[in-house]
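The structure under discussion appears below in the form of structure tokens.
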Amino acid sequence: MSAVSWTTLWSRPKENHLCQTCIDKLPFIKGDTCSKCSRPFSIQDPQFRKADLCTDCLRWNQNPGWSGMFEKNISIFMYDDFMKETIARYKFRGDYIFAKAFSPFIREKLKTVEFDYLVPIPLSPQRLYERGFNQSAALIYEAGFTVMELLQRIHSEKQSKKSRFDRIHLNQVFEPLNLNIENRKIILIDDIYTTGSTLYHAAKVLKEGGAASVSSVTLARG
Amino acid sequence: MIRSYSFQKTKGANDMKGRWIYAAAASLLGNLTSFFHPAIAIVFFLLAFFLLKRNILSSKNAAILIMIYLALIMRSEFASEHNRTSLSGNESEFEITMKESAKIDGDLLTVFIDLAEKKEKLAARYKIKSETEKKALTDHLGTGMTCRVNGTLQTPSTSTNPNSFSYQEYLNHNSIFWILEIEQLHLSDCSYRKSSLVLTILKIREMGINYLLDHFPEQTAPLAIALVFGERDFIDQTTIASYQKIGIIHLLAISGLHVGMLAGMFFLAGIRAGITREKMTSILLLVLPLYAILTGAAPSVLRAVFMMLVVLLAKKLKAPIQLADVISIVFIGYLFISPYIIYNAGFQLSFAVALSLILSAPIILKRFSESYAAILAVSFVCQMAAIPILLWHFYEVSIISIIANLIFVPLYSSIILPVVLILFIFDLLTGGKADLLLNVFEKLISFLNWIAESLSAIPNSAIVLGRPSLIMLIVYLLLIPAFFAGWERSKNKKVLIKSGVLPILAILIQHFSNVFNPAGEITFIDVGQGDSILIKLPYGKGNYLIDAGGTLMLDTEDWRMRSDPYETGKDTVVPFLKSKGISKIDKFFLTHGDMDHIGGASAVIREMRVKSVVISQGAEISEDEKDLIVQAKLKKANIAFTKAGDNWSIGDSAFQVLSPFGNRMKDVYTGKNDGSIVLFAKVGGLNWLFTGDLEETGESQLIKSYPNLKIDVLKIAHHGSKTSTTDSFLAAVNPRIAVISAGRNNRYGHPHNDVMGRLKEFNVHVLRTDKQGAVTYVFKGNSGTFSVQLP
């Protein structure tokens with residue numbers, strides 16, 4: 001809880017689980033970014049920029065199997081050392097309070113976009129058992145929205161143990177849960193956008209299931 | 001299939017964290033519902049509804065709020081039910097215990113005492129009979145002494161003028177109902193019979209004060225006493241007055257800063273001595289309440305001490321707590337334990353200022369990185385918060401206080417206060433070896449006092465606005481927090497300036513509601529034996545003051561002289577005028593040169609902007625009048641000599657001077673009284689005659705010169721002396737109402753029975769300041785109503 005001040009007297013108090021020192025360390029994405037994946041151009045070699053897209057997104061777009069499957073990704077923070085440490089504490093070491101700490105930022109971002117369903121990237125039952133909670137679902141829940149489970153994992157090896165090539169070229173890892181998503185606008189929620197492979201795969205399943213559009217909001221852009 | 005997660009709720013629904021401030025508001029409203037008006041209940045329920053609706057409070061929190069509100073109502077009701085005396089008033093023998101060091105001023109000893117059998121507090125007074133007795137009492141009458149005395153119980157004086165201080169109310173709010181006038185006080189009847197922890201601490205306090213008086217130099221000692229023991233009585237009256245005027249009086253009170261500094265020093269000393277932090281925290285928890293008693297337990301000290309206790313306790317329990325909650329909890333507790341404290345100006349100021357600083361700290365004050373800018377901001381926040389309270393009690397806001405605080409606050413907090421504490425401890429430890437340092441320090445103190453006095457001498461350094469009405473108070477209470485909120489939100493200077501308009505707006509609203517007030521008034525101020533009449537015309541068209549009362553200063557032996565004797569002008573007339581928002585007197589009539597008419601004039605000329613002093617032409621001018629003329633000229637007032645025939649009119653009001661007749665009939669006058677300015681006024685639909693101290697001769701002269709003079713309201717001449725207000729005069733002017741301005745049980749027997757008889761005969765309705773207090777006629781246009789202060 002942040003300290004009571006004159007303006008907070010008359011409004012609903014904002015929950016605040018971060019102290020000022022940590023708030024100051026948060027690496028908000030600022031300036032020009034790739035219009036599709038939120039990658040900040042400022043820390044990127046200019047050669048990876050084509051107009052307002054980054055070369056990664058260009059590659060996704062040019063692949064006929066993936067083009068049009070995924071609308072766009074919005075990320076809030078850069079994935080710097082501070083975020084690496086924080087997200088590791090959050091999902092690998094099970095510090096659930098970070099879901100609350102990040103919820104105001106997720107809420108703010110979701111206010112700016114239109115959607116019908118908020119869908120978390122699912123964990124395999126084994127992984128869910130290990131972690132105790134789904135970090136993506138927790139973000140949605142703590143931001144005060146309804147969690148829509150539309151996907152489940154087919155089989156899995158940890159994403160972070162795979163190479164870029166593996167990630168992009170692997171077979172579909174998600175399957176849809178039975179449900180009517182005809183013409184719905186869907187936003188996927190995940191903690192990090194790295195190569196985009198997870199989100200593209202999830203998007204493809206949903207899109208093929210009839211969704212009008214699929215985009216994503218992620219905490220950090222790796 | 002939809003799977004939905006259910007996450008465990010981690011926060012308890014009834015968690016009051018960060019919400020205690022609303023509970024504090026509820027406790028205040030509960031107190032006010034009981035003491036002020038039941039309609040406050042509506043305010044409370046609106047507030048609770050708003051907080052619930054906006055989701056600021058959960059329903060469980062709201063239930064707590066209602067419980068606190070009801071608890072405070074019941075507590076306050078209970079307090080007023082039990083706030084009564086158990087004495088009949090006829091008792092004459094008492095066994096009393098001194099609750100404090102007796103204050104001896106001139107030949108008057110005053111002290112708060114406990115009655116042994118009855119468990120009741122009293123204020124006691126004793127008129128010292130000889131210089132040797134004074135010496136003996138000063139040296140030997142100590143805190144905690146129990147004495148057998150004879151005396152009578154008197155009811156304390158109540159306020160006899162609008163807005164004036166009521167000693168009776170003040171004492172009642174402290175559960176004191178009688179003043180014990182001691183007739184016999186023999187030290188041989190006194191001994192230390194009682195003992196308790198509190199008395200022991202108070203004894204130490206007394207010893208400490210005496211130590212400082214003995215060992216510290218002239219100007220440093222009183223200051224050190226104020227800063228270490230929270231006793232301001234030893235400081236010179238002019239110094240106090242100047243500190244008050246420039247708005248830095250708070251520096252002489254023990255506040256959070258003192259408590260924090262002392263506790264910090266104590267803590268560090270303990271750790272240096274090898275005691276663990278945890279142990280030191282526990283020790284502080286025990287020592288701080290003792291310190292509160294040691295410093296006289298003023299509201300500001302209690303607030304600071306108990307806030308620190310709560311913080312330390314929270315630290316001990318490892319339950320983080322924010323300051324807004326701490327101050328709220330202390331407030332609720334304080335108000336619950338002693339509901340009447342709400343009337344205490346020190347309590348109001350201490351909490352209002354501290355809360356404003358706490359609410360400003362997270363955002364506003366954080367913006368100031370430079371220490372000097374931060375001090376300026378802190379001092380500004382304090383003054384904004386204090387405005388409505390200062391206006392209520394002192395009727396004015398000081399402009400110069402911003403600058404004065406800028407000079408004095410850093411000096412006090414970084415030099416004076418720490419040095420005083422260190423010198424005191426050093427002097428105690430070394431057995432009085434701090435002399436050299438003290439002498440250097442003394443120079444600094446006298447220099448600072450000199451600066452304070454110079455600043456306070458700057459004219460027009462305060463805006464007199466008067467006591468705010470209820471509506472005006474609400475305006476302040478809305479606009480000042482709105483200003484702070486605006487300041488907090490403002491990202492740039494432009495927005496800041498926009499919100500900065502709000503408090504100025506509040507001040508302007510009050511100023512213009514004074515100036516454009518369609519109501520006028522004529523008030524016969526109760527100045528005891530004497531005259532002082534205010535004529536305030538509607539729409540700020542003019543303020544006239546006829547005389548300013550005054551007390552006869554009798555020559556007495558030196559030891560009997562009070563340090564700050566009662567003075568009608570300074571203590572009654574000027575505060576009354578200020579409370580009405582008056583800072584300018586257009587015409588100040590000095591009807592004649594007697595002390596009971598012009599004794600208070602000097603204070604009026606000093607404190608008000610007097611445009612014109614009007615003096616009777618042709619009458620002899622006394623020495624006192626000459627002094628006043630010099631003083632008025634220095635203040636650039638116009639000196640006008642008036643005589644019969646002078647007349648003027650403003651709006652619906654008309655004025656004419658009927659007497660004196662000036663040089664033309666010089667030889668007619670036998671004395672000063674018959675040379676009085678006599679003023680005829682058509683104001684508020686009535687004809688008034690203000691006669692000064694006119695006597696028989698003057699009256700007959702008057703009816704001879706103005707045979708058609710008919711009036712409605714007559715200010716009875718010469719306080720109802722039998723040598724005035726003759727049958728023929730009454731028959732001629734035919735008044736309906738007579739106002740007599742005289743002192744309670746005055747030594748001249750005014751008003752005289754003969755006069756009262758004559759007035760009865762002529763069927764004149766009589767209003768008397770000695771019986772009814774101030775007499776006020778408030779009017780709009782041509783109609784108005786009379787009211788008196790005492791029922």
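Identifiers in the structure tokens: chain A, B, ... in order shown; residue index from 1 per chain; ligand index from 1 in order shown.
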| said: Please find the residues of chain B near chain A - the criterion being any atom within 9 Å, counting only C-alpha atoms - and write them as a VMD selection string. | reply: chain B and resid 1 to 7 17 to 19 21 to 22 51 54 to 57 322 to 325 356 358 to 364 481 to 482 484 to 486 488 to 489
Take the residues that were just selected and, keeping N, CA and C atoms, output them as an mmCIF file, in the first residue's frame.
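And here is the file that came out, part-v7.cif:
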```
data_model
loop_
_atom_site.group_PDB
_atom_site.id
_atom_site.type_symbol
_atom_site.label_atom_id
_atom_site.label_comp_id
_atom_site.auth_asym_id
_atom_site.auth_seq_id
_atom_site.Cartn_x
_atom_site.Cartn_y
_atom_site.Cartn_z
ATOM 1 N N MET B 1 -15.384 -26.311 -22.245
ATOM 2 C CA MET B 1 -15.175 -26.353 -20.800
ATOM 3 C C MET B 1 -14.310 -25.164 -20.370
ATOM 4 N N ILE B 2 -14.786 -24.449 -19.410
ATOM 5 C CA ILE B 2 -13.993 -23.326 -18.913
ATOM 6 C C ILE B 2 -13.470 -23.683 -17.547
ATOM 7 N N ARG B 3 -12.198 -23.609 -17.447
ATOM 8 C CA ARG B 3 -11.619 -23.793 -16.122
ATOM 9 C C ARG B 3 -11.358 -22.413 -15.545
ATOM 10 N N SER B 4 -11.720 -22.212 -14.376
ATOM 11 C CA SER B 4 -11.367 -20.897 -13.836
ATOM 12 C C SER B 4 -10.583 -21.085 -12.555
ATOM 13 N N TYR B 5 -9.597 -20.267 -12.413
ATOM 14 C CA TYR B 5 -8.722 -20.370 -11.254
ATOM 15 C C TYR B 5 -9.338 -19.656 -10.072
ATOM 16 N N SER B 6 -9.140 -20.198 -8.926
ATOM 17 C CA SER B 6 -9.485 -19.386 -7.768
ATOM 18 C C SER B 6 -8.206 -19.190 -6.968
ATOM 19 N N PHE B 7 -7.809 -17.961 -6.892
ATOM 20 C CA PHE B 7 -6.580 -17.664 -6.176
ATOM 21 C C PHE B 7 -6.894 -17.292 -4.748
ATOM 22 N N LYS B 17 -5.412 -1.022 7.046
ATOM 23 C CA LYS B 17 -4.167 -0.352 6.648
ATOM 24 C C LYS B 17 -4.435 0.792 5.678
ATOM 25 N N GLY B 18 -3.868 1.961 5.981
ATOM 26 C CA GLY B 18 -4.050 3.093 5.087
ATOM 27 C C GLY B 18 -5.447 3.678 5.142
ATOM 28 N N ARG B 19 -6.308 3.116 5.998
ATOM 29 C CA ARG B 19 -7.704 3.575 6.049
ATOM 30 C C ARG B 19 -8.049 4.236 7.385
ATOM 31 N N ILE B 21 -7.309 6.923 8.581
ATOM 32 C CA ILE B 21 -7.612 8.347 8.507
ATOM 33 C C ILE B 21 -9.121 8.579 8.427
ATOM 34 N N TYR B 22 -9.838 7.644 7.777
ATOM 35 C CA TYR B 22 -11.295 7.781 7.714
ATOM 36 C C TYR B 22 -11.911 7.497 9.081
ATOM 37 N N LEU B 51 -17.566 6.755 0.902
ATOM 38 C CA LEU B 51 -16.389 5.892 0.961
ATOM 39 C C LEU B 51 -16.734 4.469 0.526
ATOM 40 N N ARG B 54 -17.516 4.496 -3.370
ATOM 41 C CA ARG B 54 -16.321 4.625 -4.213
ATOM 42 C C ARG B 54 -15.343 3.495 -3.959
ATOM 43 N N ASN B 55 -15.793 2.541 -3.161
ATOM 44 C CA ASN B 55 -14.977 1.371 -2.932
ATOM 45 C C ASN B 55 -13.688 1.675 -2.182
ATOM 46 N N ILE B 56 -13.660 2.819 -1.514
ATOM 47 C CA ILE B 56 -12.473 3.161 -0.743
ATOM 48 C C ILE B 56 -12.447 2.308 0.522
ATOM 49 N N LEU B 57 -13.632 2.005 1.039
ATOM 50 C CA LEU B 57 -13.723 1.141 2.204
ATOM 51 C C LEU B 57 -14.548 -0.090 1.857
ATOM 52 N N GLN B 322 1.974 2.939 8.303
ATOM 53 C CA GLN B 322 2.323 4.235 7.744
ATOM 54 C C GLN B 322 1.880 5.366 8.655
ATOM 55 N N LEU B 323 2.567 6.518 8.499
ATOM 56 C CA LEU B 323 2.374 7.616 9.440
ATOM 57 C C LEU B 323 0.944 8.128 9.473
ATOM 58 N N ALA B 324 0.275 8.122 8.309
ATOM 59 C CA ALA B 324 -1.107 8.598 8.281
ATOM 60 C C ALA B 324 -1.972 7.751 9.210
ATOM 61 N N ASP B 325 -1.681 6.450 9.276
ATOM 62 C CA ASP B 325 -2.411 5.583 10.197
ATOM 63 C C ASP B 325 -2.020 5.871 11.642
ATOM 64 N N SER B 356 -1.227 17.441 7.811
ATOM 65 C CA SER B 356 -0.955 18.033 6.494
ATOM 66 C C SER B 356 0.446 17.684 6.024
ATOM 67 N N ILE B 358 2.143 15.045 6.883
ATOM 68 C CA ILE B 358 2.186 13.615 6.556
ATOM 69 C C ILE B 358 1.568 13.370 5.181
ATOM 70 N N LEU B 359 0.458 14.059 4.912
ATOM 71 C CA LEU B 359 -0.194 13.859 3.617
ATOM 72 C C LEU B 359 0.604 14.496 2.474
ATOM 73 N N SER B 360 1.400 15.501 2.806
ATOM 74 C CA SER B 360 2.188 16.169 1.762
ATOM 75 C C SER B 360 3.512 15.460 1.507
ATOM 76 N N ALA B 361 3.934 14.670 2.487
ATOM 77 C CA ALA B 361 5.275 14.084 2.398
ATOM 78 C C ALA B 361 5.483 13.154 1.186
ATOM 79 N N PRO B 362 4.536 12.248 0.882
ATOM 80 C CA PRO B 362 4.844 11.265 -0.171
ATOM 81 C C PRO B 362 5.075 11.880 -1.553
ATOM 82 N N ILE B 363 4.389 12.962 -1.876
ATOM 83 C CA ILE B 363 4.534 13.496 -3.223
ATOM 84 C C ILE B 363 5.047 14.932 -3.234
ATOM 85 N N ILE B 364 4.322 15.822 -2.547
ATOM 86 C CA ILE B 364 4.676 17.243 -2.640
ATOM 87 C C ILE B 364 6.083 17.514 -2.122
ATOM 88 N N PRO B 481 -7.655 21.671 1.372
ATOM 89 C CA PRO B 481 -7.268 20.334 0.875
ATOM 90 C C PRO B 481 -7.316 20.247 -0.652
ATOM 91 N N ALA B 482 -8.280 20.953 -1.259
ATOM 92 C CA ALA B 482 -8.351 20.946 -2.724
ATOM 93 C C ALA B 482 -7.077 21.550 -3.309
ATOM 94 N N PHE B 484 -4.094 21.483 -1.883
ATOM 95 C CA PHE B 484 -3.009 20.511 -1.731
ATOM 96 C C PHE B 484 -3.116 19.407 -2.783
ATOM 97 N N ALA B 485 -4.353 18.954 -3.023
ATOM 98 C CA ALA B 485 -4.544 17.912 -4.027
ATOM 99 C C ALA B 485 -4.116 18.426 -5.400
ATOM 100 N N GLY B 486 -4.461 19.681 -5.684
ATOM 101 C CA GLY B 486 -4.082 20.277 -6.961
ATOM 102 C C GLY B 486 -2.568 20.383 -7.090
ATOM 103 N N GLU B 488 -0.434 18.533 -5.613
ATOM 104 C CA GLU B 488 0.112 17.185 -5.757
ATOM 105 C C GLU B 488 0.000 16.709 -7.210
ATOM 106 N N ARG B 489 -1.147 17.027 -7.833
ATOM 107 C CA ARG B 489 -1.370 16.580 -9.209
ATOM 108 C C ARG B 489 -0.587 17.391 -10.219
#
```
| query | Do you know which residues are at most 12 Å from Arg49 (chain A) counting only C-alpha atoms, after dropping those on the same chain fewer than 6 positions away, and could you put them as a ChimeraX atom specification? | reply | /A:32-36,39-43,55-59
| Every residue of chain A that DSSP places in alpha helix (DSSP H), as a PyMOL selection string | chain A and resi 20-25+55-62+81-87+97-111+125-131+135-142+164-169+197-208
| task | For region 213-219 of chain A, list every protein, DNA or RNA residue within 8 Å, evaluated using only C-alpha atoms, and leave out those in the same chain fewer than 2 positions away; present the list as a list in words. | result | Met69, Phe70, Glu71, Lys72, Asn73, Ile74, Ser75, Ile76, Phe77, Ile106, Lys109, Leu110, Asn183, Arg184, Lys185, Ile186, Ile187, Leu188, Ile189, Asp190, Asp191, Ile192, Tyr193, Leu199, Ala203, Leu206, Lys207, Ala211 and Arg221 of chain A
How would the residues just chosen look if you wrote them out with N, CA, C and O atoms as a compact mmCIF listing (two decimals), in the first residue's frame?
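Here's the written file again-v1.txt:
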```txt
# COMPACT_ATOMS: atom_id res chain seq x y z
N MET A 69 -1.64 -14.72 -38.81
CA MET A 69 -2.12 -15.48 -37.66
C MET A 69 -2.15 -14.63 -36.39
O MET A 69 -3.00 -14.79 -35.53
N PHE A 70 -1.18 -13.74 -36.32
CA PHE A 70 -0.95 -13.01 -35.07
C PHE A 70 -0.97 -11.51 -35.34
O PHE A 70 -0.24 -11.04 -36.21
N GLU A 71 -1.85 -10.80 -34.64
CA GLU A 71 -2.04 -9.36 -34.86
C GLU A 71 -0.81 -8.58 -34.42
O GLU A 71 -0.07 -8.04 -35.21
N LYS A 72 -0.61 -8.51 -33.11
CA LYS A 72 0.54 -7.79 -32.58
C LYS A 72 0.76 -8.11 -31.09
O LYS A 72 -0.15 -8.59 -30.42
N ASN A 73 1.96 -7.78 -30.62
CA ASN A 73 2.27 -7.96 -29.21
C ASN A 73 2.56 -6.60 -28.58
O ASN A 73 3.25 -5.76 -29.18
N ILE A 74 1.99 -6.40 -27.38
CA ILE A 74 2.34 -5.19 -26.64
C ILE A 74 3.08 -5.62 -25.39
O ILE A 74 2.60 -6.45 -24.61
N SER A 75 4.30 -5.08 -25.24
CA SER A 75 5.05 -5.37 -24.01
C SER A 75 5.18 -4.11 -23.20
O SER A 75 5.11 -2.99 -23.72
N ILE A 76 5.36 -4.28 -21.89
CA ILE A 76 5.43 -3.12 -21.01
C ILE A 76 6.87 -2.78 -20.66
O ILE A 76 7.27 -1.63 -20.69
N PHE A 77 7.65 -3.81 -20.33
CA PHE A 77 9.02 -3.56 -19.89
C PHE A 77 10.04 -4.18 -20.84
O PHE A 77 9.73 -5.11 -21.58
N ILE A 106 -0.48 -4.13 -16.05
CA ILE A 106 -1.26 -4.92 -16.98
C ILE A 106 -2.63 -4.28 -17.19
O ILE A 106 -3.11 -4.12 -18.31
N LYS A 109 -2.48 -1.24 -19.42
CA LYS A 109 -2.30 -1.59 -20.85
C LYS A 109 -3.59 -2.13 -21.44
O LYS A 109 -3.97 -1.78 -22.55
N LEU A 110 -4.28 -2.98 -20.66
CA LEU A 110 -5.50 -3.60 -21.19
C LEU A 110 -6.60 -2.57 -21.41
O LEU A 110 -7.51 -2.78 -22.20
N ASN A 183 -15.37 -15.40 -34.26
CA ASN A 183 -15.36 -13.94 -34.38
C ASN A 183 -15.04 -13.19 -33.09
O ASN A 183 -15.43 -12.06 -32.93
N ARG A 184 -14.37 -13.87 -32.17
CA ARG A 184 -14.01 -13.18 -30.93
C ARG A 184 -12.63 -12.57 -31.07
O ARG A 184 -11.75 -13.14 -31.71
N LYS A 185 -12.47 -11.41 -30.43
CA LYS A 185 -11.14 -10.81 -30.37
C LYS A 185 -10.47 -11.33 -29.10
O LYS A 185 -11.01 -11.19 -28.01
N ILE A 186 -9.29 -11.90 -29.31
CA ILE A 186 -8.64 -12.56 -28.19
C ILE A 186 -7.28 -11.92 -27.90
O ILE A 186 -6.53 -11.57 -28.81
N ILE A 187 -7.01 -11.75 -26.61
CA ILE A 187 -5.67 -11.28 -26.22
C ILE A 187 -5.02 -12.37 -25.37
O ILE A 187 -5.60 -12.84 -24.38
N LEU A 188 -3.85 -12.78 -25.83
CA LEU A 188 -3.07 -13.74 -25.07
C LEU A 188 -2.22 -12.98 -24.05
O LEU A 188 -1.72 -11.89 -24.34
N ILE A 189 -2.09 -13.59 -22.87
CA ILE A 189 -1.24 -12.95 -21.84
C ILE A 189 -0.09 -13.90 -21.52
O ILE A 189 -0.30 -15.10 -21.31
N ASP A 190 1.12 -13.34 -21.52
CA ASP A 190 2.27 -14.14 -21.12
C ASP A 190 3.27 -13.25 -20.41
O ASP A 190 3.14 -12.01 -20.42
N ASP A 191 4.24 -13.86 -19.77
CA ASP A 191 5.20 -13.03 -19.05
C ASP A 191 6.24 -12.40 -19.97
O ASP A 191 6.52 -11.22 -19.87
N ILE A 192 6.81 -13.24 -20.91
CA ILE A 192 7.86 -12.68 -21.78
C ILE A 192 7.56 -13.00 -23.24
O ILE A 192 7.07 -14.09 -23.56
N TYR A 193 7.88 -12.07 -24.10
CA TYR A 193 7.88 -12.32 -25.53
C TYR A 193 9.35 -12.39 -25.93
O TYR A 193 10.06 -11.39 -25.83
N LEU A 199 3.70 -17.51 -28.68
CA LEU A 199 2.50 -16.73 -28.94
C LEU A 199 1.97 -17.00 -30.35
O LEU A 199 0.76 -17.09 -30.56
N ALA A 203 -1.58 -18.45 -31.13
CA ALA A 203 -2.45 -17.64 -31.98
C ALA A 203 -3.00 -18.49 -33.12
O ALA A 203 -4.17 -18.40 -33.48
N LEU A 206 -5.87 -20.68 -32.10
CA LEU A 206 -7.09 -19.92 -31.86
C LEU A 206 -7.68 -19.40 -33.16
O LEU A 206 -8.89 -19.40 -33.37
N LYS A 207 -6.78 -18.92 -34.00
CA LYS A 207 -7.22 -18.37 -35.30
C LYS A 207 -7.90 -19.46 -36.11
O LYS A 207 -8.97 -19.23 -36.69
N ALA A 211 -11.25 -17.51 -34.25
CA ALA A 211 -11.11 -16.20 -33.63
C ALA A 211 -10.96 -15.11 -34.69
O ALA A 211 -10.35 -15.33 -35.74
N ARG A 221 9.62 -7.61 -23.08
CA ARG A 221 10.04 -7.93 -24.44
C ARG A 221 11.49 -8.38 -24.35
O ARG A 221 12.37 -7.58 -24.04
```
| request: Determine which residues of region 76-143 of chain A DSSP labels as strand (DSSP E) from the backbone of this structure, then write them out as a count of residues only. | output: 7
